[in-house]
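**Q** Here it is, the structure in full.
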Amino acid sequence: MAKRSENHKLGDLGEQKVRLVFAEAGFAVSEISPDYGEDFFVFGEDKGVIEPFKIYVQVKASGKEDKYISDWTIYEDCLTVRNWIMENSLTVIIRYNERSGVYKYCIPEDEIEYWEIPFSEGGNVAIKCSENFDIDAARKLMWIARIRHYDRVVKITQPNEIDANVWDGMPKYQLFCFELLVRLQLIDSCDLRLRDEVYAKLLSMSEWLVEEYEGSDDMSAKDKSIYASCSLLIINRLEDISGCKIGMTRYLLDSCACLVFKFFKNGKEKGSG
């Protein structure tokens, strides 16, 4: 006779509730069968347009009181954690407490250093879920996954060597940076230039920051202040557009800032602003 344990019921309830949160945030979810470490995935999506990345979700449920921070620690097989970190798409662990109705999440790759994971079967890795999960968190995770996707695409498409004359135009890998900057409303995709208000903002910021820098053989103090202004503006605009504080890797930020810098300099030469 088939039976369904209380733990099984609790696990199903937790998964359904988490799926509902993503659905209420406006995202589509899809079941994974069979389950090899993730319960379902969320399609990357922006304003109804499906994007080329996913968020894999593993849900853990508890019927205990979970009074202490340590109660929100999950012990997972080391090989599964290794797969989560190496996966091209973002993996998220969400823990649901039935008694309190509280959800907390974590991103394994932010919690665990890959090199600290034992390369053997049977070992467990402790992962602490500490961030509250709700509709706003679901939307934040979508932006984290989106930025992570751009970071990886730019890295794998940049050639090992770039000829100097390539910089007269736009290297192919920078097209992904261009796309991101358009989405951050920094570049006008029709006119292929910085938006007027962005150019004016950069001009003002760079003039204010120039005294903070000294010129060097490879870069003037003015250019350093422009580059710094580009980086600051990108981070600020990302926060404004996403509605939350999200960082970038130094690599992606530098790639995007270099492209904005180029657009700024080209605009200045053509008399923009």
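Residue numbering restarts at 1 in every chain; chains get A, B, ... in the order shown in the structure tokens, and ligands count up from 1 in that same order.
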Can you tell me which residues surround Glu65 (chain A) at a distance of at most 12 Å, considering only C-alpha atoms, apart from same-chain residues fewer than 5 positions away, and format the answer as a PyMOL selection string?

**A** chain A and resi 70-72+96-102

**Q** With all heavy atoms retained, export the selected residues as a PDB file, in the first residue's frame.

**A**
```pdb
ATOM      1  N   SER A  70      21.901  28.805  13.618  1.00  0.00           N
ATOM      2  CA  SER A  70      22.446  27.510  13.186  1.00  0.00           C
ATOM      3  C   SER A  70      21.362  26.558  12.700  1.00  0.00           C
ATOM      4  O   SER A  70      21.641  25.621  11.947  1.00  0.00           O
ATOM      5  CB  SER A  70      23.226  26.864  14.336  1.00  0.00           C
ATOM      6  OG  SER A  70      22.391  26.680  15.468  1.00  0.00           O
ATOM      7  N   ASP A  71      20.109  26.798  13.125  1.00  0.00           N
ATOM      8  CA  ASP A  71      19.012  25.931  12.684  1.00  0.00           C
ATOM      9  C   ASP A  71      18.729  26.089  11.196  1.00  0.00           C
ATOM     10  O   ASP A  71      18.076  25.226  10.593  1.00  0.00           O
ATOM     11  CB  ASP A  71      17.736  26.248  13.478  1.00  0.00           C
ATOM     12  CG  ASP A  71      17.843  25.867  14.948  1.00  0.00           C
ATOM     13  OD1 ASP A  71      18.632  24.953  15.254  1.00  0.00           O
ATOM     14  OD2 ASP A  71      17.158  26.490  15.776  1.00  0.00           O
ATOM     15  N   TRP A  72      19.209  27.186  10.622  1.00  0.00           N
ATOM     16  CA  TRP A  72      18.972  27.443   9.205  1.00  0.00           C
ATOM     17  C   TRP A  72      20.136  26.965   8.338  1.00  0.00           C
ATOM     18  O   TRP A  72      20.255  27.347   7.170  1.00  0.00           O
ATOM     19  CB  TRP A  72      18.723  28.936   8.976  1.00  0.00           C
ATOM     20  CG  TRP A  72      17.431  29.378   9.580  1.00  0.00           C
ATOM     21  CD1 TRP A  72      17.224  29.813  10.858  1.00  0.00           C
ATOM     22  CD2 TRP A  72      16.155  29.392   8.943  1.00  0.00           C
ATOM     23  NE1 TRP A  72      15.904  30.103  11.058  1.00  0.00           N
ATOM     24  CE2 TRP A  72      15.218  29.860   9.898  1.00  0.00           C
ATOM     25  CE3 TRP A  72      15.698  29.066   7.663  1.00  0.00           C
ATOM     26  CZ2 TRP A  72      13.868  30.003   9.613  1.00  0.00           C
ATOM     27  CZ3 TRP A  72      14.354  29.222   7.377  1.00  0.00           C
ATOM     28  CH2 TRP A  72      13.448  29.677   8.336  1.00  0.00           C
ATOM     29  N   TYR A  96      12.273  26.646   4.055  1.00  0.00           N
ATOM     30  CA  TYR A  96      10.959  27.094   4.510  1.00  0.00           C
ATOM     31  C   TYR A  96      10.657  26.493   5.874  1.00  0.00           C
ATOM     32  O   TYR A  96      10.839  25.292   6.092  1.00  0.00           O
ATOM     33  CB  TYR A  96       9.882  26.663   3.501  1.00  0.00           C
ATOM     34  CG  TYR A  96       8.470  26.728   4.033  1.00  0.00           C
ATOM     35  CD1 TYR A  96       7.871  27.948   4.326  1.00  0.00           C
ATOM     36  CD2 TYR A  96       7.731  25.556   4.229  1.00  0.00           C
ATOM     37  CE1 TYR A  96       6.573  28.007   4.812  1.00  0.00           C
ATOM     38  CE2 TYR A  96       6.426  25.609   4.708  1.00  0.00           C
ATOM     39  CZ  TYR A  96       5.857  26.836   4.997  1.00  0.00           C
ATOM     40  OH  TYR A  96       4.574  26.893   5.483  1.00  0.00           O
ATOM     41  N   ASN A  97      10.228  27.343   6.802  1.00  0.00           N
ATOM     42  CA  ASN A  97       9.834  26.859   8.124  1.00  0.00           C
ATOM     43  C   ASN A  97       8.315  26.901   8.245  1.00  0.00           C
ATOM     44  O   ASN A  97       7.696  27.971   8.157  1.00  0.00           O
ATOM     45  CB  ASN A  97      10.459  27.715   9.223  1.00  0.00           C
ATOM     46  CG  ASN A  97      10.121  27.190  10.611  1.00  0.00           C
ATOM     47  OD1 ASN A  97       9.100  27.563  11.191  1.00  0.00           O
ATOM     48  ND2 ASN A  97      10.960  26.321  11.140  1.00  0.00           N
ATOM     49  N   GLU A  98       7.717  25.738   8.435  1.00  0.00           N
ATOM     50  CA  GLU A  98       6.256  25.646   8.465  1.00  0.00           C
ATOM     51  C   GLU A  98       5.659  26.372   9.668  1.00  0.00           C
ATOM     52  O   GLU A  98       4.616  27.024   9.559  1.00  0.00           O
ATOM     53  CB  GLU A  98       5.839  24.169   8.501  1.00  0.00           C
ATOM     54  CG  GLU A  98       4.332  23.969   8.467  1.00  0.00           C
ATOM     55  CD  GLU A  98       3.941  22.526   8.691  1.00  0.00           C
ATOM     56  OE1 GLU A  98       4.713  21.806   9.362  1.00  0.00           O
ATOM     57  OE2 GLU A  98       2.866  22.125   8.211  1.00  0.00           O
ATOM     58  N   ARG A  99       6.314  26.310  10.809  1.00  0.00           N
ATOM     59  CA  ARG A  99       5.760  26.901  12.021  1.00  0.00           C
ATOM     60  C   ARG A  99       5.696  28.425  11.949  1.00  0.00           C
ATOM     61  O   ARG A  99       4.695  29.046  12.291  1.00  0.00           O
ATOM     62  CB  ARG A  99       6.578  26.481  13.237  1.00  0.00           C
ATOM     63  CG  ARG A  99       6.440  25.012  13.588  1.00  0.00           C
ATOM     64  CD  ARG A  99       6.964  24.765  14.989  1.00  0.00           C
ATOM     65  NE  ARG A  99       6.880  23.363  15.363  1.00  0.00           N
ATOM     66  CZ  ARG A  99       7.111  22.908  16.596  1.00  0.00           C
ATOM     67  NH1 ARG A  99       7.440  23.754  17.563  1.00  0.00           N
ATOM     68  NH2 ARG A  99       7.026  21.630  16.860  1.00  0.00           N
ATOM     69  N   SER A 100       6.785  29.028  11.510  1.00  0.00           N
ATOM     70  CA  SER A 100       6.852  30.488  11.477  1.00  0.00           C
ATOM     71  C   SER A 100       6.407  31.079  10.143  1.00  0.00           C
ATOM     72  O   SER A 100       6.082  32.260  10.051  1.00  0.00           O
ATOM     73  CB  SER A 100       8.280  30.950  11.766  1.00  0.00           C
ATOM     74  OG  SER A 100       9.169  30.497  10.742  1.00  0.00           O
ATOM     75  N   GLY A 101       6.402  30.243   9.093  1.00  0.00           N
ATOM     76  CA  GLY A 101       6.074  30.740   7.761  1.00  0.00           C
ATOM     77  C   GLY A 101       7.194  31.547   7.132  1.00  0.00           C
ATOM     78  O   GLY A 101       6.990  32.233   6.136  1.00  0.00           O
ATOM     79  N   VAL A 102       8.401  31.454   7.716  1.00  0.00           N
ATOM     80  CA  VAL A 102       9.550  32.220   7.245  1.00  0.00           C
ATOM     81  C   VAL A 102      10.312  31.441   6.172  1.00  0.00           C
ATOM     82  O   VAL A 102      10.476  30.225   6.272  1.00  0.00           O
ATOM     83  CB  VAL A 102      10.496  32.562   8.418  1.00  0.00           C
ATOM     84  CG1 VAL A 102      11.788  33.201   7.907  1.00  0.00           C
ATOM     85  CG2 VAL A 102       9.790  33.487   9.408  1.00  0.00           C
TER      86      VAL A 102
END
```

**Q** Determine, counting only C-alpha atoms, which protein, DNA and RNA residues have an atom within 12 Å of an atom of Phe43 (chain A); residues of the same chain fewer than 3 positions away are not included. Present the result as a PyMOL selection string.

**A** chain A and resi 19+22-23+26-31+40+46+48-57+89-90+138+141-142+145-146

**Q** Suppose you want the space between CA of Leu202 (chain A) and CA of Asp240 (chain A); what is it in Å?

**A**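 A separation of 16.5 Å between them.
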
**Q** Counting only C-alpha atoms, which residue out of A:Ile85, A:Leu181, A:Ile226, A:Val210 sits closest to Ile117 (chain A)?

**A**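 Of all the options, A:Ile85 lies closest to Ile117 (chain A).
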
**Q** Can you list, as a PyMOL selection string, every residue of region 163-216 of chain A that DSSP puts in alpha helix (DSSP H)?

**A** chain A and resi 174-183+196-209

**Q** Keeping only C-alpha atoms, write the selected residues to a file as a short mmCIF file (atom, residue, chain, number, x, y, z; two decimals), in the first residue's frame.

**A**
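Below you can see out38.cif, which holds the result:
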```
data_model
loop_
_atom_site.label_atom_id
_atom_site.label_comp_id
_atom_site.auth_asym_id
_atom_site.auth_seq_id
_atom_site.Cartn_x
_atom_site.Cartn_y
_atom_site.Cartn_z
CA GLN A 174 31.74 44.03 -26.06
CA LEU A 175 28.42 43.68 -27.84
CA PHE A 176 27.19 41.85 -24.73
CA CYS A 177 28.33 44.79 -22.61
CA PHE A 178 26.56 47.10 -25.05
CA GLU A 179 23.35 45.11 -24.65
CA LEU A 180 23.56 45.32 -20.86
CA LEU A 181 24.25 49.06 -20.95
CA VAL A 182 21.20 49.57 -23.17
CA ARG A 183 19.10 47.68 -20.64
CA ASP A 196 22.20 63.02 -23.27
CA GLU A 197 21.53 62.98 -19.53
CA VAL A 198 24.16 60.24 -19.06
CA TYR A 199 26.77 62.23 -20.98
CA ALA A 200 26.02 65.33 -18.91
CA LYS A 201 26.19 63.35 -15.68
CA LEU A 202 29.56 61.83 -16.59
CA LEU A 203 30.94 65.21 -17.56
CA SER A 204 29.91 66.68 -14.21
CA MET A 205 31.16 63.71 -12.17
CA SER A 206 34.53 63.53 -13.93
CA GLU A 207 35.18 67.25 -13.43
CA TRP A 208 34.40 66.85 -9.73
CA LEU A 209 36.62 63.74 -9.34
#
```

**Q** A:Ile235, A:Val18, A:Leu194, A:Lys64: which is nearest Ile135 (chain A), counting only C-alpha atoms?

**A**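 The answer is A:Val18, which sits nearest to Ile135 (chain A).
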